[in-house]
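Visitor: To be precise about what I am sending: the file is called model.cif and holds mmCIF, C-alpha atoms.
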```cif
data_query
#
loop_
_atom_site.label_atom_id
_atom_site.label_comp_id
_atom_site.auth_asym_id
_atom_site.auth_seq_id
_atom_site.Cartn_x
_atom_site.Cartn_y
_atom_site.Cartn_z
CA MET A 3 -5.66 -1.70 73.15
CA GLN A 4 -2.18 -2.57 74.41
CA ASP A 5 -1.44 -6.29 74.73
CA PRO A 6 -1.17 -7.27 78.42
CA ALA A 7 2.12 -8.94 77.62
CA THR A 8 3.62 -5.51 77.12
CA SER A 9 2.36 -4.07 80.38
CA SER A 10 5.68 -4.46 82.15
CA ALA A 11 9.20 -3.71 81.09
CA THR A 12 10.34 -7.19 82.19
CA SER A 13 7.97 -8.97 79.83
CA ARG A 14 9.08 -6.97 76.77
CA PRO A 15 12.29 -8.92 76.01
CA VAL A 16 10.31 -12.18 76.09
CA GLN A 17 7.71 -10.80 73.73
CA ALA A 18 10.35 -9.28 71.45
CA HIS A 19 12.16 -12.63 71.33
CA ARG A 20 8.97 -14.38 70.26
CA GLN A 21 8.12 -11.88 67.55
CA SER A 22 8.82 -13.06 64.05
CA TRP A 23 11.40 -11.02 62.20
CA VAL A 24 8.67 -9.96 59.75
CA LYS A 25 6.72 -8.25 62.54
CA LYS A 26 9.84 -6.34 63.53
CA LEU A 27 10.02 -4.71 60.09
CA GLY A 28 8.47 -1.26 59.90
CA PRO A 29 10.04 2.17 59.34
CA GLY A 30 13.06 0.78 57.45
CA LEU A 31 11.03 -1.49 55.17
CA ILE A 32 8.46 1.21 54.35
CA THR A 33 11.16 3.84 53.81
CA GLY A 34 13.08 1.57 51.46
CA ALA A 35 10.00 0.57 49.48
CA ALA A 36 8.83 4.18 49.19
CA ASP A 37 12.17 5.00 47.58
CA ASP A 38 11.04 3.06 44.49
CA ASP A 39 8.18 5.46 43.74
CA PRO A 40 6.81 5.98 40.19
CA SER A 41 9.22 8.85 39.50
CA GLY A 42 12.08 6.66 40.71
CA ILE A 43 10.84 3.85 38.45
CA ALA A 44 11.00 6.31 35.53
CA THR A 45 14.59 7.24 36.43
CA TYR A 46 15.69 3.61 36.68
CA SER A 47 13.87 2.73 33.45
CA GLN A 48 15.58 5.59 31.63
CA ALA A 49 18.96 4.51 33.00
CA GLY A 50 18.49 0.96 31.69
CA ALA A 51 16.94 2.04 28.38
CA GLN A 52 19.64 4.60 27.59
CA PHE A 53 22.77 2.83 28.84
CA GLY A 54 21.79 -0.82 29.07
CA PRO A 55 23.47 -2.82 31.84
CA ASN A 56 26.13 -0.10 32.30
CA MET A 57 24.05 1.46 35.08
CA LEU A 58 23.60 -1.66 37.22
CA TRP A 59 26.69 -0.84 39.29
CA THR A 60 25.06 2.31 40.70
CA VAL A 61 22.53 0.52 42.93
CA PHE A 62 25.19 -1.98 43.99
CA LEU A 63 27.41 0.93 45.15
CA THR A 64 24.68 2.93 46.87
CA TYR A 65 23.34 0.05 48.99
CA PRO A 66 25.85 0.10 51.90
CA LEU A 67 25.89 3.91 51.90
CA MET A 68 22.11 4.06 51.92
CA VAL A 69 21.95 1.57 54.80
CA GLY A 70 24.43 3.61 56.79
CA ILE A 71 22.74 7.00 56.41
CA GLN A 72 19.24 5.58 57.05
CA ILE A 73 20.37 3.78 60.21
CA ILE A 74 21.79 7.08 61.40
CA SER A 75 18.48 8.89 60.78
CA ALA A 76 16.57 6.12 62.59
CA LYS A 77 18.94 6.22 65.57
CA ILE A 78 18.59 9.99 65.89
CA GLY A 79 14.81 9.60 66.13
CA ARG A 80 14.85 6.65 68.52
CA VAL A 81 17.56 7.95 70.83
CA SER A 82 16.37 11.57 71.12
CA GLY A 83 12.63 11.00 70.80
CA HIS A 84 12.52 13.80 68.18
CA GLY A 85 12.47 13.89 64.39
CA LEU A 86 15.20 15.56 62.35
CA ALA A 87 13.46 18.92 62.04
CA SER A 88 12.78 19.12 65.78
CA ASN A 89 16.44 18.41 66.51
CA MET A 90 17.48 21.04 63.96
CA ARG A 91 15.15 23.55 65.64
CA LEU A 92 16.64 22.81 69.05
CA HIS A 93 20.32 22.77 68.08
CA TYR A 94 20.92 24.62 64.78
CA PRO A 95 20.30 28.08 63.23
CA ALA A 96 16.69 28.91 62.31
CA TRP A 97 17.60 30.11 58.80
CA LEU A 98 19.07 26.69 57.92
CA LEU A 99 16.02 24.88 59.27
CA TYR A 100 13.49 27.04 57.42
CA LEU A 101 15.44 26.89 54.14
CA VAL A 102 15.74 23.11 54.22
CA VAL A 103 12.14 22.49 55.29
CA GLY A 104 10.74 24.94 52.72
CA LEU A 105 12.70 23.36 49.87
CA LEU A 106 11.69 19.89 51.05
CA LEU A 107 8.00 20.85 50.95
CA VAL A 108 8.34 22.21 47.40
CA ALA A 109 10.33 19.21 46.15
CA ASN A 110 7.94 16.69 47.76
CA THR A 111 4.87 18.41 46.31
CA ILE A 112 6.37 18.26 42.81
CA ASN A 113 7.32 14.63 43.39
CA ILE A 114 3.75 13.84 44.48
CA ALA A 115 2.51 15.44 41.25
CA ALA A 116 4.79 13.23 39.19
CA ASP A 117 3.77 10.13 41.16
CA VAL A 118 -0.01 10.60 41.01
CA SER A 119 0.29 11.50 37.33
CA ALA A 120 2.16 8.24 36.68
CA MET A 121 -0.42 6.29 38.68
CA GLY A 122 -3.25 7.83 36.65
CA GLU A 123 -1.50 7.08 33.37
CA SER A 124 -0.86 3.48 34.41
CA LEU A 125 -4.48 2.92 35.42
CA SER A 126 -5.53 4.47 32.12
CA LEU A 127 -3.30 2.01 30.26
CA LEU A 128 -4.82 -0.90 32.17
CA THR A 129 -8.51 0.07 32.06
CA GLY A 130 -8.89 2.82 29.47
CA GLY A 131 -10.31 6.25 30.11
CA PRO A 132 -8.67 9.62 30.88
CA ALA A 133 -5.62 9.63 33.13
CA GLN A 134 -6.22 12.89 35.03
CA PRO A 135 -9.40 11.83 36.91
CA TYR A 136 -7.68 8.58 37.87
CA ALA A 137 -4.68 10.54 39.17
CA ALA A 138 -6.94 12.82 41.24
CA GLY A 139 -8.94 9.88 42.62
CA LEU A 140 -5.87 7.87 43.64
CA GLY A 141 -4.28 10.93 45.24
CA ILE A 142 -7.42 11.69 47.25
CA ILE A 143 -7.73 8.05 48.37
CA SER A 144 -4.16 8.21 49.64
CA LEU A 145 -4.89 11.45 51.50
CA LEU A 146 -8.04 10.11 53.17
CA LEU A 147 -6.32 6.91 54.29
CA GLN A 148 -3.49 8.90 55.83
CA MET A 149 -5.83 11.29 57.62
CA PHE A 150 -8.41 8.90 59.02
CA ILE A 151 -6.56 5.65 59.83
CA PRO A 152 -4.39 5.71 62.99
CA TYR A 153 -0.69 5.02 62.52
CA SER A 154 -0.78 1.64 64.31
CA ARG A 155 -3.23 0.35 61.68
CA TYR A 156 -2.05 2.41 58.72
CA VAL A 157 1.50 1.10 59.03
CA ARG A 158 0.17 -2.44 58.42
CA LEU A 159 -1.44 -1.26 55.18
CA LEU A 160 1.83 0.34 54.09
CA LYS A 161 3.66 -2.92 54.78
CA TRP A 162 1.25 -4.80 52.50
CA LEU A 163 1.72 -2.18 49.78
CA THR A 164 5.44 -2.93 49.71
CA LEU A 165 4.49 -6.24 48.06
CA GLY A 166 3.61 -4.24 44.94
CA LEU A 167 7.33 -3.92 44.30
CA LEU A 168 7.55 -7.69 43.77
CA ALA A 169 6.00 -7.00 40.36
CA TYR A 170 9.41 -5.73 39.22
CA VAL A 171 11.17 -8.81 40.52
CA ALA A 172 8.66 -10.99 38.67
CA THR A 173 9.02 -8.99 35.44
CA VAL A 174 12.67 -10.00 35.11
CA PHE A 175 11.69 -13.65 35.07
CA VAL A 176 9.30 -13.28 32.14
CA VAL A 177 11.99 -11.80 29.87
CA GLU A 178 15.26 -13.30 28.67
CA VAL A 179 18.21 -12.04 30.74
CA PRO A 180 21.94 -12.63 29.97
CA TRP A 181 22.86 -13.05 33.63
CA ALA A 182 26.61 -13.41 33.08
CA GLN A 183 26.70 -10.06 31.29
CA ALA A 184 24.54 -8.46 34.00
CA VAL A 185 26.91 -9.63 36.76
CA GLU A 186 29.94 -8.47 34.79
CA HIS A 187 28.55 -4.94 34.29
CA THR A 188 27.53 -4.77 37.96
CA LEU A 189 30.98 -5.66 39.29
CA LEU A 190 33.15 -4.28 36.44
CA PRO A 191 31.23 -1.31 35.02
CA HIS A 192 32.16 0.35 31.74
CA LEU A 193 32.17 3.98 32.81
CA SER A 194 31.67 7.00 30.56
CA TRP A 195 32.43 10.65 31.22
CA THR A 196 29.85 12.14 28.87
CA PRO A 197 27.43 14.73 30.33
CA GLU A 198 24.48 12.42 29.58
CA TYR A 199 26.03 9.51 31.47
CA LEU A 200 27.04 11.66 34.44
CA THR A 201 23.61 13.28 34.63
CA THR A 202 21.97 9.84 34.69
CA VAL A 203 24.34 8.64 37.42
CA VAL A 204 23.43 11.71 39.48
CA ALA A 205 19.73 11.06 38.85
CA VAL A 206 20.05 7.47 40.09
CA PHE A 207 22.02 8.54 43.17
CA GLY A 208 19.56 11.34 43.89
CA THR A 209 16.59 9.01 43.48
CA THR A 210 18.16 6.40 45.76
CA ILE A 211 19.36 8.71 48.57
CA SER A 212 16.65 11.36 49.04
CA PRO A 213 16.06 13.85 51.88
CA TYR A 214 12.44 12.88 52.44
CA LEU A 215 13.58 9.36 53.38
CA PHE A 216 15.75 10.74 56.21
CA PHE A 217 12.88 12.77 57.69
CA TRP A 218 10.38 9.92 57.31
CA GLN A 219 12.41 7.16 58.95
CA ALA A 220 13.48 9.32 61.92
CA SER A 221 9.87 10.44 62.45
CA GLU A 222 8.50 6.91 62.16
CA GLU A 223 10.83 5.81 64.95
CA VAL A 224 9.22 8.53 67.07
CA GLU A 225 5.77 7.23 66.00
CA GLU A 226 6.81 3.73 67.09
CA LEU A 227 7.72 5.17 70.49
CA ARG A 228 4.31 6.77 70.87
CA ALA A 229 2.50 3.61 69.76
CA LYS A 230 4.02 1.58 72.64
CA PRO A 231 3.36 3.01 76.12
CA THR A 232 6.33 1.20 77.68
CA SER A 233 8.80 2.57 75.13
CA ARG A 234 10.79 5.73 75.82
CA PRO A 235 13.59 7.60 74.02
CA LEU A 236 16.79 5.66 74.52
CA ASN A 237 18.44 8.64 76.21
CA GLU A 238 15.87 8.11 78.98
CA ALA A 239 15.76 4.30 78.84
CA PRO A 240 19.21 3.02 77.80
CA GLU A 241 18.26 -0.53 78.81
CA GLN A 242 16.02 -0.63 75.72
CA ALA A 243 18.90 0.25 73.39
CA ARG A 244 20.21 -3.21 72.52
CA SER A 245 16.93 -4.67 71.26
CA ASN A 246 15.97 -1.46 69.44
CA PHE A 247 19.33 -1.02 67.70
CA ARG A 248 19.19 -4.66 66.61
CA ARG A 249 15.67 -4.11 65.22
CA ILE A 250 16.68 -0.87 63.47
CA ARG A 251 19.68 -2.54 61.87
CA LEU A 252 17.67 -5.56 60.64
CA ASP A 253 14.76 -3.37 59.48
CA THR A 254 17.01 -0.98 57.56
CA ILE A 255 19.27 -3.62 56.01
CA ILE A 256 16.24 -5.51 54.69
CA GLY A 257 14.30 -2.40 53.68
CA MET A 258 17.18 -0.80 51.76
CA GLY A 259 18.15 -4.18 50.32
CA PHE A 260 14.60 -4.62 49.04
CA SER A 261 14.67 -1.09 47.59
CA ASN A 262 17.98 -1.54 45.78
CA LEU A 263 17.12 -5.04 44.56
CA VAL A 264 13.95 -3.70 42.94
CA ALA A 265 15.89 -0.78 41.41
CA PHE A 266 18.42 -3.29 40.05
CA PHE A 267 15.66 -5.35 38.43
CA ILE A 268 13.98 -2.28 36.90
CA ILE A 269 17.26 -1.16 35.30
CA LEU A 270 17.92 -4.74 34.15
CA THR A 271 14.43 -5.15 32.67
CA ALA A 272 14.78 -1.92 30.70
CA ALA A 273 18.31 -2.86 29.60
CA VAL A 274 17.42 -6.31 28.20
CA THR A 275 14.16 -5.19 26.56
CA LEU A 276 14.00 -1.48 25.70
CA HIS A 277 17.73 -0.81 25.20
CA VAL A 278 18.28 -3.95 23.13
CA HIS A 279 15.42 -2.93 20.82
CA GLY A 280 16.61 0.64 20.38
CA VAL A 281 14.12 2.31 22.76
CA THR A 282 16.43 4.70 24.62
CA ASP A 283 14.26 7.66 25.63
CA ILE A 284 11.87 6.99 28.52
CA GLN A 285 10.35 10.00 30.27
CA THR A 286 7.77 8.42 32.62
CA SER A 287 7.19 5.08 34.30
CA ALA A 288 3.91 4.68 32.40
CA GLN A 289 5.77 5.20 29.13
CA ALA A 290 8.20 2.48 30.20
CA ALA A 291 5.27 0.11 30.81
CA ALA A 292 3.71 0.90 27.42
CA ALA A 293 7.02 0.45 25.60
CA LEU A 294 7.56 -2.87 27.36
CA GLU A 295 4.38 -4.55 26.06
CA PRO A 296 5.29 -5.10 22.36
CA ILE A 297 8.77 -6.27 23.35
CA ALA A 298 8.28 -8.38 26.48
CA GLY A 299 4.60 -9.29 26.18
CA HIS A 300 1.29 -8.42 27.82
CA PHE A 301 2.04 -10.13 31.14
CA ALA A 302 5.23 -8.11 31.66
CA PHE A 303 3.26 -4.97 30.81
CA LEU A 304 0.56 -5.85 33.37
CA LEU A 305 3.12 -6.51 36.11
CA PHE A 306 5.00 -3.27 35.40
CA SER A 307 1.83 -1.15 35.27
CA ALA A 308 0.29 -2.64 38.42
CA GLY A 309 3.55 -2.10 40.27
CA ILE A 310 3.45 1.63 39.44
CA ILE A 311 0.03 2.00 41.07
CA GLY A 312 1.00 0.00 44.16
CA THR A 313 4.27 1.85 44.71
CA GLY A 314 2.54 5.19 44.17
CA LEU A 315 -0.01 4.44 46.89
CA LEU A 316 2.94 3.69 49.19
CA ALA A 317 5.14 6.64 48.19
CA VAL A 318 2.60 9.49 48.18
CA PRO A 319 1.85 9.25 51.93
CA VAL A 320 5.58 9.02 52.68
CA LEU A 321 6.27 12.15 50.61
CA ALA A 322 3.38 14.10 52.14
CA GLY A 323 4.04 12.75 55.63
CA SER A 324 7.75 13.55 55.59
CA ALA A 325 6.98 17.15 54.55
CA ALA A 326 4.42 17.42 57.36
CA TYR A 327 6.84 15.98 59.95
CA ALA A 328 9.50 18.45 58.82
CA MET A 329 7.17 21.47 58.99
CA ALA A 330 5.71 20.40 62.34
CA GLY A 331 9.16 19.86 63.79
CA ALA A 332 10.34 23.23 62.51
CA PHE A 333 7.46 25.12 64.12
CA ASN A 334 6.97 22.87 67.16
CA TRP A 335 3.45 21.79 66.16
CA LYS A 336 1.74 18.71 67.57
CA ASN A 337 2.29 15.95 65.02
CA GLY A 338 1.81 12.26 64.42
CA LEU A 339 -0.34 9.92 62.35
CA GLU A 340 -1.70 8.37 65.54
CA TYR A 341 -3.58 11.62 66.28
CA ALA A 342 -6.99 12.34 64.78
CA PRO A 343 -6.95 15.25 62.30
CA GLY A 344 -8.72 17.52 64.80
CA ALA A 345 -5.98 16.97 67.38
CA ALA A 346 -3.07 17.87 65.05
CA ARG A 347 -4.66 20.25 62.56
CA LYS A 348 -1.54 22.01 61.31
CA PHE A 349 0.28 18.72 60.78
CA TYR A 350 -2.58 17.28 58.73
CA ALA A 351 -3.00 20.60 56.91
CA ILE A 352 0.53 20.20 55.50
CA ILE A 353 -0.26 16.64 54.41
CA ALA A 354 -3.37 17.96 52.64
CA VAL A 355 -1.53 20.92 51.06
CA ALA A 356 1.27 18.72 49.72
CA THR A 357 -1.08 16.03 48.37
CA LEU A 358 -3.71 18.36 46.92
CA GLY A 359 -0.98 20.66 45.58
CA GLY A 360 0.56 17.68 43.79
CA ILE A 361 -2.83 16.66 42.37
CA GLY A 362 -3.45 20.25 41.27
CA LEU A 363 -0.18 20.38 39.34
CA CYS A 364 -1.47 17.51 37.18
CA PHE A 365 -4.17 19.86 35.84
CA THR A 366 -1.83 22.74 34.93
CA PRO A 367 0.19 23.34 31.75
CA ILE A 368 3.38 22.72 33.72
CA ASP A 369 5.45 19.97 32.09
CA PRO A 370 5.62 17.21 34.76
CA ILE A 371 8.95 15.96 33.39
CA LYS A 372 10.61 19.36 33.71
CA ALA A 373 9.02 19.79 37.14
CA LEU A 374 10.39 16.41 38.19
CA TYR A 375 13.83 17.39 36.94
CA TRP A 376 13.81 20.50 39.12
CA SER A 377 12.51 18.45 42.03
CA ALA A 378 15.49 16.13 41.60
CA VAL A 379 17.82 19.13 41.47
CA ILE A 380 16.35 20.53 44.70
CA ASN A 381 16.53 17.12 46.40
CA GLY A 382 20.11 16.64 45.31
CA VAL A 383 21.20 20.08 46.48
CA ILE A 384 19.49 20.00 49.89
CA SER A 385 20.46 16.40 50.61
CA VAL A 386 24.09 17.42 51.12
CA PRO A 387 23.58 20.00 53.92
CA ILE A 388 20.94 17.76 55.53
CA MET A 389 23.34 14.82 55.55
CA VAL A 390 26.11 17.01 56.97
CA VAL A 391 23.78 18.17 59.77
CA MET A 392 22.66 14.58 60.42
CA MET A 393 26.26 13.43 60.76
CA LEU A 394 26.96 16.27 63.18
CA MET A 395 23.78 15.45 65.15
CA ALA A 396 24.69 11.78 65.41
CA SER A 397 28.08 12.72 66.89
CA ARG A 398 26.79 15.25 69.46
CA ARG A 399 26.37 14.07 73.04
CA GLU A 400 23.78 16.81 73.65
CA ILE A 401 21.51 14.92 71.22
CA MET A 402 22.69 11.30 71.34
CA GLY A 403 24.07 11.05 74.89
CA GLN A 404 26.04 7.82 75.27
CA PHE A 405 24.71 6.58 71.90
CA VAL A 406 26.80 8.73 69.57
CA ILE A 407 27.49 6.72 66.42
CA GLY A 408 30.59 4.53 66.22
CA PRO A 409 33.43 4.55 63.67
CA ARG A 410 31.78 2.23 61.12
CA LEU A 411 28.58 4.24 60.88
CA ARG A 412 30.55 7.48 60.90
CA ILE A 413 32.65 6.30 57.92
CA ALA A 414 29.59 5.03 56.01
CA GLY A 415 27.66 8.26 56.69
CA TRP A 416 30.46 10.58 55.62
CA LEU A 417 31.13 8.45 52.52
CA ALA A 418 27.45 8.75 51.55
CA THR A 419 27.58 12.50 52.19
CA GLY A 420 30.74 12.88 50.14
CA MET A 421 29.29 10.82 47.30
CA MET A 422 26.16 12.97 47.18
CA GLY A 423 28.26 16.14 47.28
CA ALA A 424 30.37 14.87 44.38
CA ALA A 425 27.22 13.88 42.50
CA VAL A 426 25.73 17.37 42.87
CA LEU A 427 28.97 18.99 41.67
CA ALA A 428 29.10 16.55 38.74
CA MET A 429 25.50 17.39 37.85
CA PHE A 430 26.22 21.11 37.69
CA TRP A 431 29.44 20.50 35.81
CA ALA A 432 27.61 18.34 33.25
CA GLN A 433 24.92 20.99 32.77
CA LEU A 434 27.45 23.81 32.31
CA ARG A 435 29.53 22.01 29.71
#
```
Please rewrite the model in this file as structure tokens.
Guide:
Amino acid sequence: MQDPATSSATSRPVQAHRQSWVKKLGPGLITGAADDDPSGIATYSQAGAQFGPNMLWTVFLTYPLMVGIQIISAKIGRVSGHGLASNMRLHYPAWLLYLVVGLLLVANTINIAADVSAMGESLSLLTGGPAQPYAAGLGIISLLLQMFIPYSRYVRLLKWLTLGLLAYVATVFVVEVPWAQAVEHTLLPHLSWTPEYLTTVVAVFGTTISPYLFFWQASEEVEELRAKPTSRPLNEAPEQARSNFRRIRLDTIIGMGFSNLVAFFIILTAAVTLHVHGVTDIQTSAQAAAALEPIAGHFAFLLFSAGIIGTGLLAVPVLAGSAAYAMAGAFNWKNGLEYAPGAARKFYAIIAVATLGGIGLCFTPIDPIKALYWSAVINGVISVPIMVVMMLMASRREIMGQFVIGPRLRIAGWLATGMMGAAVLAMFWAQLR
């Protein structure tokens, strides 16, 4: 039931002023934390294991670009009252929309498969027993929570799950770290132009800036609108813009900062443990946890493994939900996690298809590592046109009205788009050499 303090527009600024900054965190924090999913942990672990501290600069570089592009996606959702796919349906060619949304669904389903597989393997390492039943059970739990808990309550659970990422911050402090060397390689990287190095750089960029994050954060801003009866799209209620833009900026800066800090610590942990001891080939996050134990000790292993399960429970609903938001927006279906499954059947059907499809892939002969590679390729390729369309959306008065993005966000967004475009070209160049 809505708090009486929010019953009038005049009381909202007072209430907003009294809210703690923690309560204001939501879409940005969850989006950032979901970026460090088990497949992302595997990518960061491989980067640190293979190249040591020479990959730390990547997350330092991507942070401001990631903040910029995610703020843009959030503003599109809050200002227009529509997610990215709905805006694409209303303003762009149908063929582009269907191509992007179809590829996103495929890539997210493969990513879910890799994530639930890693969760199952990690639980198997911790408790014993076969990994596949664990993977299926954790995937189904995630699906049921998403389907039967309303958004206003479910978002609180997702916030708590972000604490699982603190395991990777804690891991760094139970191993010996040459901090001076780490800072040096972060600020003055020793670059290489080998195909292996370039491919890993592309993998880190692609893991950090992913299309599903754009769709999720824009759609969660729309969910936030629906959850508060006095809130309206900013195009209709410009007086609400100042407080909402301030919240979006704080939420996204902290959420992406949290995401990149965790990525930094994962790369650093792998660099000072696995790389130093000659372990340079890590294929999965669970393998990284297992390799860590004889080098860094049982406590580090426990922290790393538990973090994989916690981040997986956070990331799987974001992956499935972003695919469902995209499909629903493309076909103008009723959508939203605040609805009961019976009230938005097609939306929840996509969540079920993506999650169960990902679980099903764990029981096939398909190599999850190769599947994840192709998922990363798809994500990298489709991120560029999506980011171009987002930048065009954010500059169109038909969509943003008086709230078209300013010069700073425009520069940050186009820099991020250009970097991803260069990364995709470098990936193909490295593979063709």
Visitor: Report the distance between atom CA of Ile407 of chain A and atom CA of Ala220 of chain A in Å, rounded to one decimal place.
Guide: 14.9 Å
Visitor: Do you have the atom CA of Gln134 of chain A-atom CA of Gln285 of chain A distance handy?
Guide: 17.5 Å
Visitor: For the structure provided, state which residues fall under the PyMOL selection byres ((chain A and resi 55) around 7), and present them as a VMD selection string.
Guide: chain A and resid 50 53 to 54 56 to 58 184 187 270 273
Visitor: So which residues are close to (-5.0, 3.9, 30.9), meaning at most 12 Å away in the file's coordinates with only C-alpha atoms counted, and can you show them as a VMD selection string?
Guide: chain A and resid 119 to 137 288 to 289 291 to 292 304 307 to 308 311
Visitor: Using the chain letters and numbers from the file, which residues does the PyMOL selection byres ((chain A and resi 401) around 12) grab, as a compact mmCIF listing (two decimals) with C-alpha atoms, in the frame of the given file?
Guide:
```txt
# COMPACT_ATOMS: atom_id res chain seq x y z
CA LYS A 77 18.94 6.22 65.57
CA ILE A 78 18.59 9.99 65.89
CA GLY A 79 14.81 9.60 66.13
CA ARG A 80 14.85 6.65 68.52
CA VAL A 81 17.56 7.95 70.83
CA SER A 82 16.37 11.57 71.12
CA GLY A 83 12.63 11.00 70.80
CA HIS A 84 12.52 13.80 68.18
CA GLY A 85 12.47 13.89 64.39
CA LEU A 86 15.20 15.56 62.35
CA SER A 88 12.78 19.12 65.78
CA ASN A 89 16.44 18.41 66.51
CA MET A 90 17.48 21.04 63.96
CA LEU A 92 16.64 22.81 69.05
CA HIS A 93 20.32 22.77 68.08
CA TYR A 94 20.92 24.62 64.78
CA PRO A 235 13.59 7.60 74.02
CA LEU A 236 16.79 5.66 74.52
CA ASN A 237 18.44 8.64 76.21
CA GLU A 238 15.87 8.11 78.98
CA MET A 392 22.66 14.58 60.42
CA MET A 393 26.26 13.43 60.76
CA LEU A 394 26.96 16.27 63.18
CA MET A 395 23.78 15.45 65.15
CA ALA A 396 24.69 11.78 65.41
CA SER A 397 28.08 12.72 66.89
CA ARG A 398 26.79 15.25 69.46
CA ARG A 399 26.37 14.07 73.04
CA GLU A 400 23.78 16.81 73.65
CA MET A 402 22.69 11.30 71.34
CA GLY A 403 24.07 11.05 74.89
CA GLN A 404 26.04 7.82 75.27
CA PHE A 405 24.71 6.58 71.90
CA VAL A 406 26.80 8.73 69.57
CA ILE A 407 27.49 6.72 66.42
```
Visitor: Between atom CA of Leu316 of chain A and atom CA of Gln72 of chain A, measure the distance and give it in Å to one decimal.
Guide: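 These atoms are spaced 18.2 Å apart.
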Visitor: When you count all atoms listed in the file, which of these residues is closest to Leu105 of chain A: A:Pro231, A:Pro40, A:Leu305, A:Met329?
Guide: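 Closest residue, counting all atoms listed in the file: A:Met329.
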Visitor: As a check of understanding, name the residues that the PyMOL selection byres ((chain A and resi 44) around 9) selects in the supplied structure, as a list of chain:residue names.
Guide: A:Asp39, A:Pro40, A:Ser41, A:Gly42, A:Ile43, A:Thr45, A:Tyr46, A:Ser47, A:Gln48, A:Ala49, A:Ile284, A:Gln285, A:Thr286, A:Ser287, A:Ala288, A:Gln289, A:Ala290
Visitor: Between A:Phe266, A:Trp97, A:Trp59, A:Trp335, which has the minimum distance to Pro191 of chain A (counting only C-alpha atoms)?
Guide: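 Closest candidate: A:Trp59.
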Visitor: Can you pull out every residue within 9 Å of Asn381 of chain A, counting all atoms listed in the file, but drop anything in the same chain fewer than 4 positions away, and send it as a list in words?
Guide: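 The neighbour list is Leu105, Leu106, Ala109, Asn110, Gly208, Thr209, Ser212, Pro213, Tyr214, Trp376, Ser377, Ser385 and Val386 of chain A.
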Visitor: May I have a table of the residues of segment 273-343 of chain A lying at most 8 Å from segment 172-183 of chain A, giving each one's closest pair of atoms and their distance in Å to one decimal, counting all atoms listed in the file, ordered by chain and ascending residue number, as CSV?
Guide:
```
residue,atom,partner,partner_atom,distance
A:Val274,CA,A:Val179,CA,6.3
A:Thr275,CA,A:Val177,CA,7.7
A:Ala298,CA,A:Val177,CA,6.1
A:Phe301,CA,A:Val176,CA,8.0
A:Ala302,CA,A:Thr173,CA,5.4
A:Leu305,CA,A:Thr173,CA,6.4
A:Phe306,CA,A:Thr173,CA,7.0
```
Visitor: Which residues, written as a list in words, have at least one atom at most 6 Å from segment 253-260 of chain A, with only C-alpha atoms counted and residues fewer than 3 positions away on the same chain left out?
Guide: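 The filter keeps Leu27, Gly30, Leu31, Gly34, Val69, Arg249, Ile250 and Leu263 of chain A.
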Visitor: Identify, on the basis of only C-alpha atoms, every residue whose closest approach to segment 359-367 of chain A does not exceed 12 Å; exclude the query and any residue fewer than 3 positions from it along the same chain; express the result as a ChimeraX atom specification.
Guide: /A:107-123,133-145,318-319,321-322,351-356,370-374
Visitor: Ranking A:Ala169, A:Ile268, A:Val204, A:Ala51 by minimum distance to Met421 of chain A and counting only C-alpha atoms, which one comes first?
Guide: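 Using only C-alpha atoms, Met421 of chain A sits closest to A:Val204.
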